[in-house]
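> What follows is input39.cif; its format and atoms are mmCIF, C-alpha atoms.
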```cif
data_query
loop_
_atom_site.label_atom_id
_atom_site.label_comp_id
_atom_site.auth_asym_id
_atom_site.auth_seq_id
_atom_site.Cartn_x
_atom_site.Cartn_y
_atom_site.Cartn_z
CA MET A 1 -10.31 -8.80 -14.81
CA ARG A 2 -9.49 -7.66 -18.33
CA ARG A 3 -12.99 -8.60 -19.51
CA ILE A 4 -14.57 -6.55 -16.75
CA ARG A 5 -12.28 -3.64 -17.59
CA SER A 6 -13.17 -3.61 -21.30
CA TYR A 7 -16.83 -4.06 -20.42
CA CYS A 8 -16.64 -1.03 -18.13
CA LEU A 9 -14.89 1.08 -20.71
CA THR A 10 -17.53 0.22 -23.33
CA MET A 11 -20.27 0.97 -20.87
CA ALA A 12 -18.66 4.20 -19.72
CA VAL A 13 -18.45 5.42 -23.31
CA ASP A 14 -22.10 4.50 -23.95
CA LEU A 15 -23.30 6.17 -20.76
CA MET A 16 -21.29 9.32 -21.35
CA LEU A 17 -22.27 9.67 -25.00
CA ALA A 18 -25.94 9.36 -24.09
CA ALA A 19 -25.79 12.01 -21.35
CA PRO A 20 -22.98 14.60 -21.36
CA ARG A 21 -23.87 15.58 -17.82
CA ALA A 22 -24.90 12.74 -15.53
CA ALA A 23 -28.36 13.29 -14.13
CA ARG A 24 -28.48 13.87 -10.40
CA GLY A 25 -31.39 12.58 -8.43
CA ASP A 26 -32.80 9.11 -8.78
CA SER A 27 -29.72 7.03 -9.42
CA ASP A 28 -31.79 4.09 -10.56
CA ALA A 29 -33.18 6.17 -13.42
CA GLY A 30 -29.76 6.18 -15.01
CA ALA A 31 -28.01 8.90 -16.87
CA PHE A 32 -30.86 9.34 -19.34
CA GLY A 33 -33.39 10.21 -16.67
CA ARG A 34 -35.58 7.24 -17.48
CA SER A 35 -35.51 3.58 -16.50
CA PRO A 36 -32.46 2.15 -18.25
CA SER A 37 -34.04 -1.27 -18.58
CA GLN A 38 -36.74 0.28 -20.73
CA ALA A 39 -34.35 2.29 -22.88
CA THR A 40 -34.44 -0.06 -25.83
CA GLU A 41 -31.66 1.88 -27.52
CA MET A 42 -29.35 0.14 -25.03
CA PRO A 43 -27.99 -3.23 -26.10
CA ALA A 44 -29.13 -6.26 -24.13
CA GLU A 45 -25.69 -6.55 -22.53
CA GLN A 46 -26.46 -3.34 -20.65
CA ARG A 47 -30.23 -3.72 -20.21
CA ILE A 48 -29.72 -7.00 -18.39
CA PRO A 49 -27.43 -5.76 -15.60
CA ALA A 50 -29.60 -2.64 -15.31
CA ALA A 51 -32.62 -4.91 -14.94
CA LEU A 52 -30.86 -6.81 -12.15
CA SER A 53 -30.26 -3.55 -10.27
CA SER A 54 -33.94 -2.67 -10.61
CA CYS A 55 -35.01 -6.04 -9.23
CA VAL A 56 -32.52 -5.88 -6.34
CA ALA A 57 -33.83 -2.44 -5.37
CA ARG A 58 -37.29 -3.91 -5.01
CA TRP A 59 -36.82 -7.36 -3.52
CA GLY A 60 -33.11 -8.00 -3.08
CA LEU A 61 -30.58 -10.23 -4.77
CA GLY A 62 -31.42 -13.59 -3.23
CA LYS A 63 -35.00 -13.59 -4.52
CA THR A 64 -34.22 -12.26 -7.99
CA THR A 65 -34.45 -14.96 -10.64
CA LEU A 66 -33.27 -15.05 -14.25
CA ASP A 67 -36.95 -14.86 -15.26
CA ASP A 68 -37.34 -11.64 -13.25
CA ILE A 69 -34.27 -10.20 -14.95
CA ALA A 70 -35.41 -11.23 -18.44
CA ARG A 71 -38.86 -9.75 -17.88
CA GLU A 72 -37.49 -6.49 -16.53
CA ALA A 73 -34.97 -6.23 -19.37
CA GLY A 74 -37.66 -6.89 -21.95
CA CYS A 75 -35.89 -9.85 -23.50
CA SER A 76 -36.10 -13.62 -23.53
CA ARG A 77 -34.30 -15.99 -21.17
CA ALA A 78 -32.44 -17.27 -24.22
CA THR A 79 -31.04 -13.78 -24.79
CA VAL A 80 -30.01 -13.54 -21.15
CA TYR A 81 -28.13 -16.85 -21.40
CA ARG A 82 -26.56 -15.84 -24.69
CA CYS A 83 -25.26 -12.54 -23.28
CA PHE A 84 -24.29 -13.99 -19.91
CA PRO A 85 -23.46 -17.68 -20.19
CA GLY A 86 -22.09 -17.47 -16.65
CA GLY A 87 -25.67 -17.01 -15.44
CA LYS A 88 -26.78 -14.92 -12.48
CA SER A 89 -23.33 -14.55 -10.94
CA ALA A 90 -21.96 -13.16 -14.22
CA ILE A 91 -24.84 -10.68 -14.40
CA VAL A 92 -24.18 -9.67 -10.78
CA ARG A 93 -20.53 -8.94 -11.56
CA ALA A 94 -21.50 -6.91 -14.63
CA ALA A 95 -24.19 -5.03 -12.68
CA GLY A 96 -21.70 -4.23 -9.94
CA ALA A 97 -19.18 -2.91 -12.44
CA ARG A 98 -21.91 -0.90 -14.17
CA GLU A 99 -23.00 0.70 -10.91
CA VAL A 100 -19.42 1.62 -10.04
CA VAL A 101 -19.01 3.26 -13.45
CA LYS A 102 -22.27 5.20 -13.03
CA MET A 103 -21.13 6.40 -9.63
CA ALA A 104 -17.70 7.37 -10.97
CA ILE A 105 -19.35 9.57 -13.62
CA VAL A 106 -21.39 11.37 -10.94
CA VAL A 107 -18.29 11.82 -8.78
CA ILE A 108 -16.17 13.19 -11.64
CA ASP A 109 -18.99 15.58 -12.47
CA ALA A 110 -19.09 16.91 -8.91
CA ILE A 111 -15.40 17.76 -8.72
CA ASP A 112 -14.51 21.39 -9.38
CA PRO A 113 -11.09 21.40 -11.02
CA SER A 114 -10.34 24.87 -9.70
CA ASP A 115 -10.56 23.71 -6.07
CA LEU A 116 -7.58 22.66 -3.96
CA PRO A 117 -6.78 18.93 -4.13
CA SER A 118 -7.98 18.35 -0.53
CA VAL A 119 -11.31 20.02 -1.32
CA ARG A 120 -11.65 18.01 -4.54
CA LEU A 121 -10.98 14.77 -2.68
CA SER A 122 -13.50 15.64 0.04
CA GLU A 123 -16.06 16.52 -2.61
CA ALA A 124 -15.43 13.18 -4.33
CA ILE A 125 -15.92 11.19 -1.12
CA VAL A 126 -19.05 13.06 -0.03
CA THR A 127 -20.57 12.73 -3.49
CA ALA A 128 -19.88 8.99 -3.57
CA ALA A 129 -21.23 8.52 -0.04
CA ARG A 130 -24.42 10.41 -0.85
CA TYR A 131 -24.84 8.54 -4.12
CA ILE A 132 -24.57 5.24 -2.25
CA ALA A 133 -26.97 6.38 0.47
CA ASP A 134 -29.55 7.25 -2.21
CA HIS A 135 -28.98 4.05 -4.19
CA GLN A 136 -31.94 1.77 -3.57
CA ALA A 137 -30.41 -1.49 -4.74
CA PHE A 138 -27.21 -0.95 -2.78
CA THR A 139 -29.10 0.15 0.33
CA PHE A 140 -31.28 -2.97 0.15
CA LEU A 141 -28.18 -5.18 0.00
CA LEU A 142 -26.46 -3.33 2.84
CA ASN A 143 -29.48 -3.47 5.13
CA HIS A 144 -30.96 -6.88 4.31
CA GLU A 145 -28.36 -9.02 2.54
CA PRO A 146 -24.92 -7.84 3.73
CA GLU A 147 -23.58 -11.39 3.45
CA LEU A 148 -24.23 -11.21 -0.30
CA LEU A 149 -22.49 -7.85 -0.59
CA ARG A 150 -19.45 -8.50 1.59
CA PRO A 151 -17.64 -11.01 -0.68
CA PHE A 152 -17.52 -8.44 -3.49
CA LEU A 153 -15.78 -5.93 -1.25
CA ALA A 154 -13.38 -8.28 0.52
CA PHE A 155 -9.83 -9.47 -0.18
CA ASP A 156 -8.88 -9.76 -3.84
CA ARG A 157 -12.39 -8.89 -5.06
CA LEU A 158 -11.87 -5.33 -3.87
CA ASP A 159 -8.67 -4.75 -5.85
CA PRO A 160 -10.36 -4.36 -9.29
CA LEU A 161 -12.88 -1.91 -7.80
CA LEU A 162 -10.04 0.16 -6.37
CA ALA A 163 -8.35 0.08 -9.78
CA MET A 164 -11.56 1.26 -11.44
CA ALA A 165 -11.86 4.16 -9.02
CA VAL A 166 -8.27 5.17 -9.77
CA ALA A 167 -8.80 4.83 -13.53
CA PHE A 168 -11.89 7.02 -13.59
CA VAL A 169 -11.27 9.59 -10.86
CA GLY A 170 -7.46 9.69 -10.88
CA PRO A 171 -7.29 12.13 -13.83
CA CYS A 172 -9.17 14.70 -11.70
CA PHE A 173 -6.02 14.89 -9.58
CA ASP A 174 -3.48 15.13 -12.39
CA ASP A 175 -1.88 18.16 -10.76
CA LEU A 176 -0.53 15.89 -8.03
CA GLY A 177 1.33 13.75 -10.56
CA PRO A 178 0.08 10.33 -11.66
CA ASP A 179 1.40 8.37 -8.65
CA ASP A 180 0.05 10.65 -5.94
CA ALA A 181 -3.22 11.04 -7.85
CA ALA A 182 -3.67 7.25 -7.90
CA GLU A 183 -2.72 7.01 -4.21
CA VAL A 184 -5.18 9.58 -2.94
CA VAL A 185 -8.05 8.23 -5.04
CA GLU A 186 -7.35 4.67 -3.93
CA TRP A 187 -7.23 5.91 -0.32
CA ALA A 188 -10.59 7.59 -0.74
CA ALA A 189 -12.14 4.42 -2.18
CA ARG A 190 -10.75 2.35 0.70
CA LEU A 191 -12.15 4.79 3.22
CA LEU A 192 -15.55 4.64 1.58
CA VAL A 193 -15.65 0.83 1.63
CA SER A 194 -14.34 0.67 5.19
CA PHE A 195 -16.94 3.05 6.60
CA LEU A 196 -19.69 1.46 4.53
CA MET A 197 -19.04 -2.02 5.89
CA HIS A 198 -18.01 -0.85 9.38
CA PRO A 199 -19.86 2.39 10.10
CA SER A 200 -18.66 4.68 12.82
CA PRO A 201 -21.02 6.58 15.13
CA THR A 202 -18.71 9.61 15.03
CA VAL A 203 -18.03 9.86 11.29
CA ASP A 204 -20.61 10.66 8.61
CA LEU A 205 -19.13 10.41 5.12
CA THR A 206 -22.08 12.32 3.65
CA SER A 207 -21.04 15.33 5.73
CA MET A 208 -18.54 17.68 4.06
CA ALA A 209 -17.41 18.85 7.51
CA ASP A 210 -16.60 15.32 8.71
CA VAL A 211 -14.88 14.30 5.47
CA SER A 212 -12.85 17.53 5.19
CA ARG A 213 -11.58 16.92 8.68
CA LEU A 214 -10.60 13.29 7.86
CA VAL A 215 -8.88 14.29 4.62
CA GLY A 216 -7.21 17.30 6.23
CA THR A 217 -5.96 15.26 9.17
CA TYR A 218 -4.91 11.88 7.80
CA LEU A 219 -3.77 12.76 4.30
CA GLN A 220 -1.84 15.90 5.10
CA ALA A 221 1.44 14.21 4.22
CA LEU A 222 0.15 13.78 0.64
CA LEU A 223 -2.03 16.83 0.25
CA ALA A 224 -0.17 19.62 2.01
CA ALA A 225 -2.49 22.48 1.14
CA SER A 226 -0.60 24.89 -1.06
CA PRO A 227 -1.87 28.40 -1.67
CA MET B 1 -11.64 -27.76 15.25
CA ASP B 2 -8.46 -29.20 13.76
CA ALA B 3 -10.70 -31.80 12.17
CA VAL B 4 -12.82 -29.02 10.68
CA ILE B 5 -9.73 -27.52 9.05
CA ASP B 6 -8.80 -30.96 7.81
CA ALA B 7 -12.27 -31.57 6.39
CA ALA B 8 -12.45 -28.12 4.79
CA GLY B 9 -9.11 -28.77 3.14
CA ASP B 10 -10.52 -31.83 1.43
CA ASN B 11 -14.12 -30.85 0.76
CA GLY B 12 -14.41 -27.08 1.18
CA LEU B 13 -16.45 -25.33 3.86
CA ALA B 14 -19.79 -26.35 2.39
CA GLY B 15 -18.63 -29.98 2.51
CA VAL B 16 -17.94 -29.93 6.24
CA SER B 17 -20.36 -32.24 8.08
CA ILE B 18 -20.64 -33.14 11.76
CA GLU B 19 -20.29 -36.83 10.89
CA ASP B 20 -17.11 -36.28 8.92
CA VAL B 21 -15.60 -34.02 11.57
CA ALA B 22 -16.43 -36.48 14.34
CA ARG B 23 -14.80 -39.30 12.38
CA ARG B 24 -11.65 -37.30 11.70
CA ALA B 25 -11.43 -36.24 15.34
CA GLY B 26 -11.96 -39.79 16.58
CA LEU B 27 -15.05 -38.72 18.55
CA SER B 28 -18.68 -39.69 18.56
CA ARG B 29 -21.27 -37.46 16.86
CA ALA B 30 -22.92 -37.02 20.24
CA THR B 31 -19.73 -35.60 21.72
CA VAL B 32 -19.35 -33.11 18.90
CA TYR B 33 -22.99 -32.01 19.19
CA ARG B 34 -22.59 -31.61 22.95
CA HIS B 35 -19.76 -29.12 22.45
CA PHE B 36 -21.31 -27.40 19.45
CA GLN B 37 -25.03 -27.28 20.07
CA GLY B 38 -25.41 -24.83 17.21
CA GLY B 39 -24.42 -27.70 14.93
CA ARG B 40 -22.43 -27.39 11.76
CA GLY B 41 -22.78 -23.64 11.51
CA GLN B 42 -21.39 -23.01 14.96
CA LEU B 43 -18.58 -25.49 14.38
CA VAL B 44 -17.45 -23.74 11.22
CA THR B 45 -17.79 -20.22 12.64
CA GLU B 46 -15.87 -21.02 15.83
CA THR B 47 -13.11 -22.77 13.90
CA VAL B 48 -12.71 -19.76 11.63
CA THR B 49 -12.73 -17.47 14.67
CA ARG B 50 -9.96 -19.56 16.20
CA GLU B 51 -7.90 -19.13 13.03
CA VAL B 52 -8.53 -15.37 13.02
CA ALA B 53 -7.33 -15.18 16.65
CA ARG B 54 -4.28 -17.24 15.72
CA PHE B 55 -3.49 -14.78 12.92
CA TRP B 56 -3.59 -11.71 15.19
CA ARG B 57 -1.58 -13.44 17.93
CA HIS B 58 1.05 -14.39 15.39
CA LEU B 59 1.13 -10.82 14.11
CA ALA B 60 1.57 -9.34 17.59
CA GLU B 61 4.44 -11.74 18.26
CA ALA B 62 6.06 -11.00 14.90
CA VAL B 63 6.25 -7.25 15.57
CA GLU B 64 7.16 -7.43 19.25
CA GLY B 65 10.81 -6.56 18.76
CA ALA B 66 10.15 -3.49 16.60
CA ALA B 67 12.19 -0.45 17.53
CA SER B 68 9.55 2.18 16.71
CA LEU B 69 5.87 2.53 15.95
CA GLU B 70 6.74 3.03 12.31
CA ASP B 71 8.80 -0.18 12.24
CA ARG B 72 6.03 -2.04 14.03
CA LEU B 73 3.45 -1.00 11.44
CA VAL B 74 5.78 -1.68 8.51
CA GLN B 75 6.59 -5.17 9.77
CA GLY B 76 2.95 -5.71 10.70
CA VAL B 77 1.59 -4.85 7.26
CA MET B 78 4.22 -6.99 5.52
CA GLU B 79 3.81 -9.99 7.80
CA ALA B 80 0.00 -9.80 7.72
CA ARG B 81 0.00 -9.78 3.94
CA ARG B 82 2.55 -12.59 3.73
CA TRP B 83 0.52 -14.76 6.14
CA ILE B 84 -2.70 -14.22 4.20
CA VAL B 85 -1.10 -14.94 0.83
CA ASP B 86 0.66 -18.05 2.14
CA TYR B 87 -2.39 -19.52 3.89
CA GLU B 88 -3.27 -21.99 1.18
CA LEU B 89 -6.63 -23.12 2.55
CA LEU B 90 -7.78 -19.52 2.97
CA GLN B 91 -6.81 -18.69 -0.60
CA ARG B 92 -8.62 -21.77 -1.90
CA LEU B 93 -11.76 -20.93 0.05
CA LEU B 94 -11.64 -17.31 -1.18
CA THR B 95 -11.48 -18.59 -4.75
CA TYR B 96 -14.18 -21.27 -4.57
CA GLU B 97 -16.45 -20.31 -1.63
CA PRO B 98 -15.93 -16.60 -0.98
CA GLU B 99 -19.42 -16.03 0.47
CA LEU B 100 -18.97 -18.71 3.15
CA ILE B 101 -15.46 -17.85 4.30
CA VAL B 102 -16.06 -14.07 4.25
CA ALA B 103 -19.25 -14.50 6.28
CA ALA B 104 -17.47 -16.74 8.80
CA ILE B 105 -14.62 -14.23 9.19
CA ALA B 106 -17.11 -11.38 9.58
CA GLU B 107 -18.54 -13.06 12.69
CA SER B 108 -15.45 -12.22 14.73
CA GLU B 109 -14.89 -8.79 13.21
CA PRO B 110 -16.46 -6.71 16.02
CA ILE B 111 -14.29 -8.32 18.70
CA VAL B 112 -11.19 -8.15 16.52
CA GLU B 113 -11.83 -4.47 15.84
CA THR B 114 -11.99 -3.71 19.58
CA VAL B 115 -8.82 -5.65 20.38
CA VAL B 116 -6.78 -4.25 17.50
CA GLU B 117 -7.92 -0.68 18.19
CA GLY B 118 -7.01 -1.12 21.86
CA TYR B 119 -3.57 -2.42 20.91
CA LEU B 120 -2.94 0.49 18.54
CA ARG B 121 -4.30 2.99 21.04
CA ASN B 122 -1.74 1.82 23.60
CA LEU B 123 1.05 2.25 21.06
CA LEU B 124 -0.13 5.76 20.23
CA LEU B 125 -0.13 6.75 23.91
CA ALA B 126 3.66 6.59 23.83
CA GLU B 127 3.87 8.85 20.78
CA SER B 128 3.89 12.59 20.26
CA LEU B 129 0.63 13.21 18.44
CA ARG B 130 0.00 16.08 16.08
CA PRO B 131 -2.20 18.83 17.51
CA GLY B 132 -5.90 18.17 17.20
CA VAL B 133 -5.56 14.42 16.69
CA ALA B 134 -8.07 12.40 18.73
CA LEU B 135 -6.45 9.28 20.16
CA ASP B 136 -9.44 6.96 19.75
CA GLU B 137 -10.17 8.07 16.21
CA ALA B 138 -6.51 7.75 15.22
CA ALA B 139 -6.40 4.19 16.61
CA SER B 140 -9.59 3.35 14.71
CA TYR B 141 -8.17 4.89 11.54
CA LEU B 142 -4.97 2.82 11.79
CA ALA B 143 -6.99 -0.34 12.37
CA ARG B 144 -9.06 0.40 9.26
CA MET B 145 -5.96 1.05 7.16
CA LEU B 146 -4.28 -2.14 8.36
CA GLN B 147 -7.38 -4.22 7.70
CA SER B 148 -7.91 -2.70 4.26
CA TYR B 149 -4.34 -3.02 3.00
CA MET B 150 -3.55 -6.48 4.32
CA SER B 151 -6.68 -7.93 2.68
CA SER B 152 -6.62 -5.91 -0.54
CA PRO B 153 -3.22 -4.45 -1.44
CA GLY B 154 -4.60 -2.61 -4.51
CA ARG B 155 -1.76 -0.93 -6.35
CA TRP B 156 0.77 -1.53 -3.55
CA ASP B 157 3.52 -4.14 -3.52
CA LEU B 158 3.40 -5.05 0.15
CA GLY B 159 6.35 -7.40 -0.25
CA ASP B 160 8.70 -4.46 -0.75
CA GLU B 161 9.84 -2.85 2.50
CA ALA B 162 10.69 0.57 1.04
CA THR B 163 7.21 0.75 -0.48
CA VAL B 164 5.49 -0.28 2.75
CA ARG B 165 7.58 2.22 4.72
CA ARG B 166 6.47 5.00 2.42
CA LEU B 167 2.85 3.87 2.80
CA VAL B 168 3.11 3.81 6.59
CA ARG B 169 4.92 7.17 6.78
CA THR B 170 2.38 8.94 4.57
CA GLN B 171 -1.06 7.37 4.81
CA PHE B 172 -0.83 5.65 8.19
CA LEU B 173 1.21 7.93 10.43
CA GLY B 174 1.70 11.08 8.36
CA GLY B 175 -1.28 12.85 9.84
CA ILE B 176 -1.10 11.33 13.31
CA VAL B 177 2.40 11.65 14.75
CA THR B 178 4.97 14.42 14.57
CA ARG B 179 8.27 13.44 12.98
#
```
Before anything else, please render the file you have as structure tokens.


Amino acid sequence: MRRIRSYCLTMAVDLMLAAPRAARGDSDAGAFGRSPSQATEMPAEQRIPAALSSCVARWGLGKTTLDDIAREAGCSRATVYRCFPGGKSAIVRAAGAREVVKMAIVVIDAIDPSDLPSVRLSEAIVTAARYIADHQAFTFLLNHEPELLRPFLAFDRLDPLLAMAVAFVGPCFDDLGPDDAAEVVEWAARLLVSFLMHPSPTVDLTSMADVSRLVGTYLQALLAASP
Amino acid sequence: MDAVIDAAGDNGLAGVSIEDVARRAGLSRATVYRHFQGGRGQLVTETVTREVARFWRHLAEAVEGAASLEDRLVQGVMEARRWIVDYELLQRLLTYEPELIVAAIAESEPIVETVVEGYLRNLLLAESLRPGVALDEAASYLARMLQSYMSSPGRWDLGDEATVRRLVRTQFLGGIVTR
């Protein structure tokens, strides 16, 4: 858990230094607006998980081999093994963490600090939901290999992802105090995962109207709108 | 199915075989195949489903004497979390074979969702709901919250009653019922 955390922080710093404002649009193009696996300025430790995401977007996780990843990352298999001695599963964990960080940057960027907390939270959820809907690798997994995705979002595997969401997006809700900020962001992340894995015909998380209503209804005890 | 649990305890889910299960159950392979024509896969899935049903039955019994909806949810969240943490085989499978056990549990999720939502919906019928709250959606929301928290407590210490009460009062019921 601590390794993933320090990896994410390093990655977050690299991504943010390279692009002060995260690029909107093709999420697979990365913050620089070009294929991250070809950005040779990036160290191999980041090119490799980025390469995995590219492969997954095209043919899914099950069929992606270490050779595919090495080729896409523009490095040798030896380098892949050196950077990720845990093999494919280690690369998958790193890629997942990397994607969450990328999404967090986009979400933070979309929040207008002058808005009311309930509006900020709704904006965060809608932005995340839209980002996910546009994310080719994630969409492939959700539609074709949900059994490969589910374990990463279930039981104790979900806890670190919730913690990451709180760490990155929590500061956007500082005005609520650190505890309430963490609570509402964790709630939002839970909602996102729940509706992703168990969609509802009556709720569309990419719709600001639907999300505002959910936030306004169910979180009113925490976000009593103050003038 | 008891034999499946037994076998999984020794060899993990992937190590469960019809032969081994038949031997442990004192039955012939033919008998096992007759009852589980889908083979190994069906055997494992149905055993897991039986355990899931056992969990929810236990939970319903544990909260039966609750004085209020709030108490029922507080006790429910705490007991659900305790059961999950204490179920040694589940924890071992989650550590070593998460894909298999999560997939097996997911099989029964649609039915579980319907039953749990129905249960919560009935409880909400007896409450004074806030204006504009849709009964079905509120029941679905509570089911989602329960499922999410009991499996992944996040930053919450679900062993502490005061903490769980605050969680239930704010995030669960705060927007649904009038105080």

> Give me the result of the PyMOL selection byres ((chain A) within 12 of (chain B)) on this file, residue by residue, as a PDB file with C-alpha atoms, keeping the file's coordinate frame.


```pdb
ATOM      1  CA  GLU A 145     -28.360  -9.020   2.540  1.00  0.00           C
ATOM      2  CA  PRO A 146     -24.920  -7.840   3.730  1.00  0.00           C
ATOM      3  CA  GLU A 147     -23.580 -11.390   3.450  1.00  0.00           C
ATOM      4  CA  LEU A 148     -24.230 -11.210  -0.300  1.00  0.00           C
ATOM      5  CA  LEU A 149     -22.490  -7.850  -0.590  1.00  0.00           C
ATOM      6  CA  ARG A 150     -19.450  -8.500   1.590  1.00  0.00           C
ATOM      7  CA  PRO A 151     -17.640 -11.010  -0.680  1.00  0.00           C
ATOM      8  CA  PHE A 152     -17.520  -8.440  -3.490  1.00  0.00           C
ATOM      9  CA  LEU A 153     -15.780  -5.930  -1.250  1.00  0.00           C
ATOM     10  CA  ALA A 154     -13.380  -8.280   0.520  1.00  0.00           C
ATOM     11  CA  PHE A 155      -9.830  -9.470  -0.180  1.00  0.00           C
ATOM     12  CA  ASP A 156      -8.880  -9.760  -3.840  1.00  0.00           C
ATOM     13  CA  ARG A 157     -12.390  -8.890  -5.060  1.00  0.00           C
ATOM     14  CA  LEU A 158     -11.870  -5.330  -3.870  1.00  0.00           C
ATOM     15  CA  ASP A 159      -8.670  -4.750  -5.850  1.00  0.00           C
ATOM     16  CA  PRO A 160     -10.360  -4.360  -9.290  1.00  0.00           C
ATOM     17  CA  LEU A 161     -12.880  -1.910  -7.800  1.00  0.00           C
ATOM     18  CA  LEU A 162     -10.040   0.160  -6.370  1.00  0.00           C
ATOM     19  CA  ALA A 163      -8.350   0.080  -9.780  1.00  0.00           C
ATOM     20  CA  MET A 164     -11.560   1.260 -11.440  1.00  0.00           C
ATOM     21  CA  ALA A 165     -11.860   4.160  -9.020  1.00  0.00           C
ATOM     22  CA  VAL A 166      -8.270   5.170  -9.770  1.00  0.00           C
ATOM     23  CA  ALA A 167      -8.800   4.830 -13.530  1.00  0.00           C
ATOM     24  CA  ASP A 179       1.400   8.370  -8.650  1.00  0.00           C
ATOM     25  CA  ASP A 180       0.050  10.650  -5.940  1.00  0.00           C
ATOM     26  CA  ALA A 182      -3.670   7.250  -7.900  1.00  0.00           C
ATOM     27  CA  GLU A 183      -2.720   7.010  -4.210  1.00  0.00           C
ATOM     28  CA  VAL A 184      -5.180   9.580  -2.940  1.00  0.00           C
ATOM     29  CA  VAL A 185      -8.050   8.230  -5.040  1.00  0.00           C
ATOM     30  CA  GLU A 186      -7.350   4.670  -3.930  1.00  0.00           C
ATOM     31  CA  TRP A 187      -7.230   5.910  -0.320  1.00  0.00           C
ATOM     32  CA  ALA A 188     -10.590   7.590  -0.740  1.00  0.00           C
ATOM     33  CA  ALA A 189     -12.140   4.420  -2.180  1.00  0.00           C
ATOM     34  CA  ARG A 190     -10.750   2.350   0.700  1.00  0.00           C
ATOM     35  CA  LEU A 191     -12.150   4.790   3.220  1.00  0.00           C
ATOM     36  CA  LEU A 192     -15.550   4.640   1.580  1.00  0.00           C
ATOM     37  CA  VAL A 193     -15.650   0.830   1.630  1.00  0.00           C
ATOM     38  CA  SER A 194     -14.340   0.670   5.190  1.00  0.00           C
ATOM     39  CA  PHE A 195     -16.940   3.050   6.600  1.00  0.00           C
ATOM     40  CA  LEU A 196     -19.690   1.460   4.530  1.00  0.00           C
ATOM     41  CA  MET A 197     -19.040  -2.020   5.890  1.00  0.00           C
ATOM     42  CA  HIS A 198     -18.010  -0.850   9.380  1.00  0.00           C
ATOM     43  CA  PRO A 199     -19.860   2.390  10.100  1.00  0.00           C
ATOM     44  CA  SER A 200     -18.660   4.680  12.820  1.00  0.00           C
ATOM     45  CA  PRO A 201     -21.020   6.580  15.130  1.00  0.00           C
ATOM     46  CA  THR A 202     -18.710   9.610  15.030  1.00  0.00           C
ATOM     47  CA  VAL A 203     -18.030   9.860  11.290  1.00  0.00           C
ATOM     48  CA  ARG A 213     -11.580  16.920   8.680  1.00  0.00           C
ATOM     49  CA  LEU A 214     -10.600  13.290   7.860  1.00  0.00           C
ATOM     50  CA  VAL A 215      -8.880  14.290   4.620  1.00  0.00           C
ATOM     51  CA  GLY A 216      -7.210  17.300   6.230  1.00  0.00           C
ATOM     52  CA  THR A 217      -5.960  15.260   9.170  1.00  0.00           C
ATOM     53  CA  TYR A 218      -4.910  11.880   7.800  1.00  0.00           C
ATOM     54  CA  LEU A 219      -3.770  12.760   4.300  1.00  0.00           C
ATOM     55  CA  GLN A 220      -1.840  15.900   5.100  1.00  0.00           C
ATOM     56  CA  ALA A 221       1.440  14.210   4.220  1.00  0.00           C
ATOM     57  CA  LEU A 222       0.150  13.780   0.640  1.00  0.00           C
ATOM     58  CA  LEU A 223      -2.030  16.830   0.250  1.00  0.00           C
ATOM     59  CA  ALA A 224      -0.170  19.620   2.010  1.00  0.00           C
TER      60      ALA A 224
END
```

> Mind pulling up the distance from CA of Ala129 in chain A to CA of Thr206 in chain A?

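Computing it gives 5.4 Å between the two atoms.
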
> Once the PyMOL selection byres ((chain A and resi 92-94) around 9) is applied to the coordinates I shared, what remains selected? I want it as a list in words.

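With the shown file as input, the PyMOL selection byres ((chain A and resi 92-94) around 9) matches Ile4, Tyr7, Cys8, Glu45, Gln46, Pro49, Leu52, Ser53, Leu61, Gly87, Lys88, Ser89, Ala90, Ile91, Ala95, Gly96, Ala97, Arg98, Glu99 and Phe152 of chain A.
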
> Could you tell me which of B:Ala25, B:Met78, B:Ala3, B:Val52 comes closest to Leu158 in chain B if we count all atoms listed in the file?

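Once distances to Leu158 in chain B are computed over all atoms listed in the file, the minimum belongs to B:Met78.
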
> Taking (9.1, -6.9, 1.7) in the file's coordinates as the center, which residues reach within 10 Å of it, counting all atoms listed in the file, put as a list in words?

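The residues that fall inside the cut-off are Val74, Gln75, Val77, Met78, Glu79, Arg81, Arg82, Asp157, Leu158, Gly159, Asp160, Glu161, Ala162, Thr163, Val164 and Arg165 of chain B.
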
> On this structure, the PyMOL selection byres ((chain B and resi 116-119) around 8) would catch which residues? List them as a list of chain:residue names, sorted by chain and number.

B:Val112, B:Glu113, B:Thr114, B:Val115, B:Leu120, B:Arg121, B:Asn122, B:Leu123, B:Asp136, B:Ala139, B:Ser140, B:Leu142, B:Ala143

> Just to confirm, what's the straight-line distance from CA of Val119 in chain A to CA of Ser212 in chain A in Å (one decimal)?

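That distance, rounded to one decimal, is 7.1 Å.
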
> Taking (-35.4, -13.5, -14.7) in the file's own coordinates, collect the residues within 12 Å, counting only C-alpha atoms, and hand them back as a PyMOL selection string.

chain A and resi 48-49+51-52+54-56+61+63-81+87-88+91

> In Å, with one decimal, what is the gap from CA of Ser114 in chain A to CA of Asp210 in chain A?

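Between CA of Ser114 in chain A and CA of Asp210 in chain A the gap works out to 21.7 Å.
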